[in-house]
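Chemist: Starting off with a structure, shown below.
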Amino acid sequence: MIKPSDVPSLALRGGGRLPLVGLGTWKLRGDEVAASVSAALAAGYRHIDTATMYGNEAEIGQALEASPIGRDEVFLTTKLRPSDAGRAEKVLRSSLRGLRTDRVDLWLLHWPPNRTAASRQAWNELRRLRDAGMARAIGVSNYSLAQIDDLTATTGETPAVNQVHWDPLRYSADVRAGHAGRGIVLEGYSSLKDIKLDHPALTRIAAAHAVSPAQVVLRWNVQRDIVVIPKSVQAARITANLDLFGFELTDREMAEVDAIGR
């Protein structure tokens, strides 16, 4: 087990700290998701990511309730579909019942609505329910910096987090700096989905540190303060995906990974 205290976290606008590594649960269902969450908690994870769209909040809630780990020790994220924005409170209350909690630590608007005005309205709904105590922090997912700037300019509040598809193939120093400059935590999903883990740079760096290429990719993210939420149903891999803090990539190695997508 990795000590939860060994996993760094980032302060969020509005309060709370988001662990740099969490368990992703997209496409996990039933006993599979419950087993993954239980294995993750046992391995030292204290950050679980889900969404209304995933259809697994109830199973995650059951796994959390069955765990000896207190609810306040686990950072819990869920997401609202834009199509549900008109009934956001009802949907969030349903999510909270499934997750067996009275609030989530982070609530995200899952992707931008088709219309700019709808995006602003949905964001204001997240703000209202956050202020009512149903979420500790709020953010967005799959938003561009321009879309975020519109929310900030028109509503007066910048999202705490933007969760996007992020890996070495999509690396952009400008995008990373743009989020940092706005005080937005950048969170990457599907960090291992598209990258070829047999890439020569990754295998060479992995051999130098006696770790796997997947761990190199995940370490590259967290070393740049990008939150990652890798998904797995295998207990050994779940543990390995968190075991990222006993080695450090050199500046040269970081630059090599940066360059994979060029």
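Labeling convention for the structure tokens: chains A, B, ... as they appear, residues from 1 per chain, ligands from 1 in order of appearance.
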Can you list, as a PyMOL selection string, every residue of stretch 22-257 of chain A that DSSP puts in alpha helix (DSSP H)?
Modeler: chain A and resi 30-43+57-66+88-99+116-131+145-155+173-181+200-209+213-223+235-242+251-257
Chemist: Name the residues of stretch 42-226 of chain A that come out as strand (DSSP E) in a backbone DSSP run; write them as a PyMOL selection string.
Modeler: chain A and resi 47-49+75-80+104-109+135-141+161-165+185-189
Chemist: Might you pull out every residue within 9 Å of A:Thr78, with only C-alpha atoms counted and same-chain residues fewer than 5 positions away left off, and present them as JSON, numbers by chain?
Modeler: {"A": [48, 49, 50, 51, 52, 57, 92, 95, 104, 105, 106, 107, 108, 110]}
Chemist: Selection from above, C-alpha atoms, as a tab-separated table (two decimals), in the first residue's frame, can you write it?
Modeler:
chain	number	residue	atom	x	y	z
A	48	ILE	CA	-12.36	8.52	-7.03
A	49	ASP	CA	-13.74	9.96	-10.28
A	50	THR	CA	-17.17	9.15	-11.73
A	51	ALA	CA	-20.01	10.84	-13.61
A	52	THR	CA	-23.77	10.64	-13.88
A	57	GLU	CA	-22.50	5.92	-8.81
A	92	LEU	CA	-27.27	15.94	-8.27
A	95	SER	CA	-26.02	11.27	-7.58
A	104	VAL	CA	-19.33	15.74	-3.56
A	105	ASP	CA	-15.89	17.27	-3.35
A	106	LEU	CA	-15.90	18.28	-7.03
A	107	TRP	CA	-18.77	18.59	-9.48
A	108	LEU	CA	-17.99	19.12	-13.15
A	110	HIS	CA	-19.15	17.16	-18.30
Chemist: List the spatial neighbours of A:Tyr143 as a list in words - criterion: any atom at most 10 Å away, only C-alpha atoms, same-chain residues fewer than 6 positions off excluded.
Modeler: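 In the requested form, the answer reads Leu109, His110, Trp111, Pro112, Pro113, Asp149, Asn162, Gln163 and Val164 of chain A.
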Chemist: Go ahead and write the selection's residues with C-alpha atoms as a PDB file, in the first residue's frame.
Modeler:
ATOM      1  CA  LEU A 109     -20.032  20.175 -16.160  1.00  0.00           C
ATOM      2  CA  HIS A 110     -19.147  17.164 -18.302  1.00  0.00           C
ATOM      3  CA  TRP A 111     -18.765  18.947 -21.653  1.00  0.00           C
ATOM      4  CA  PRO A 112     -19.762  22.318 -23.134  1.00  0.00           C
ATOM      5  CA  PRO A 113     -23.410  22.710 -24.193  1.00  0.00           C
ATOM      6  CA  ASP A 149     -12.756  32.796 -20.298  1.00  0.00           C
ATOM      7  CA  ASN A 162     -10.850  21.569 -16.246  1.00  0.00           C
ATOM      8  CA  GLN A 163     -10.751  17.835 -16.970  1.00  0.00           C
ATOM      9  CA  VAL A 164      -9.598  17.096 -20.521  1.00  0.00           C
TER      10      VAL A 164
END
Chemist: Using only C-alpha atoms, can you tell me which of A:Asp6, A:Asp131, A:Asp194, A:Asp31 comes closest to A:His165?
Modeler: A:Asp194
Chemist: Under the rule that only C-alpha atoms are counted, which of A:Gln121, A:Gln223, A:Thr25, A:Gln62 is the nearest residue to A:Ala255?
Modeler: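 Closest to A:Ala255 of all the choices is A:Gln223.
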Chemist: Kindly indicate which residue among A:Ala160, A:Gln215, A:Asp225, A:Asn142 lies nearest to A:Ala177, using only C-alpha atoms for the distances.
Modeler: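 With only C-alpha atoms as the atom set, the closest residue is A:Asp225.
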Chemist: Atom CA of A:Val33 to atom CA of A:Tyr54: how many Å, to one decimal?
Modeler: 10.6 Å
Chemist: Taking 6 positions as the minimum chain separation for residues in the same chain, which residues sit within 12 Å of stretch 204-213 of chain A when counting only C-alpha atoms? Answer as a list in words.
Modeler: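 Residues near the query, excluding close chain neighbours: Leu192, Ile195, Lys196, Leu197, Asp198, Arg219, Trp220, Arg237, Ala240, Asn241, Asp243, Leu244, Phe245, Gly246, Phe247, Glu248, Leu249, Thr250, Asp251, Arg252, Glu253, Met254, Ala255, Glu256 and Val257 of chain A.
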Chemist: Using only C-alpha atoms, which residues sit within 12 Å of A:Gly156 once same-chain residues fewer than 4 positions away are excluded, as a VMD selection string?
Modeler: chain A and resid 120 123 to 124 127 148 to 152
Chemist: Closest to A:Ala35 among A:Ala201, A:Val21, A:Ala132, A:Val233, using only C-alpha atoms?
Modeler: A:Val233
Chemist: Report, in Å with one decimal, the straight-line distance from atom CA of A:Leu99 to atom CA of A:Ala236.
Modeler: 25.3 Å
Chemist: Find the residue from A:Gly55, A:Gly44, A:Gly261, A:Gly86 that sits nearest to A:Trp26; use only C-alpha atoms when measuring.
Modeler: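 Smallest separation from A:Trp26 among the options: A:Gly55.
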Chemist: If we count only C-alpha atoms and set the cut-off at 10 Å, which residues sit around A:His179, ignoring sequence neighbours fewer than 3 positions away in its own chain? Please answer as a list in words.
Modeler: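 Listed by chain and then number, they are Ser144, Leu145, Ile148, Ala160, Val161, Asn162, Asp174, Val175, Arg176, Arg182, Gly183, Ile184, Val185 and Leu186 of chain A.
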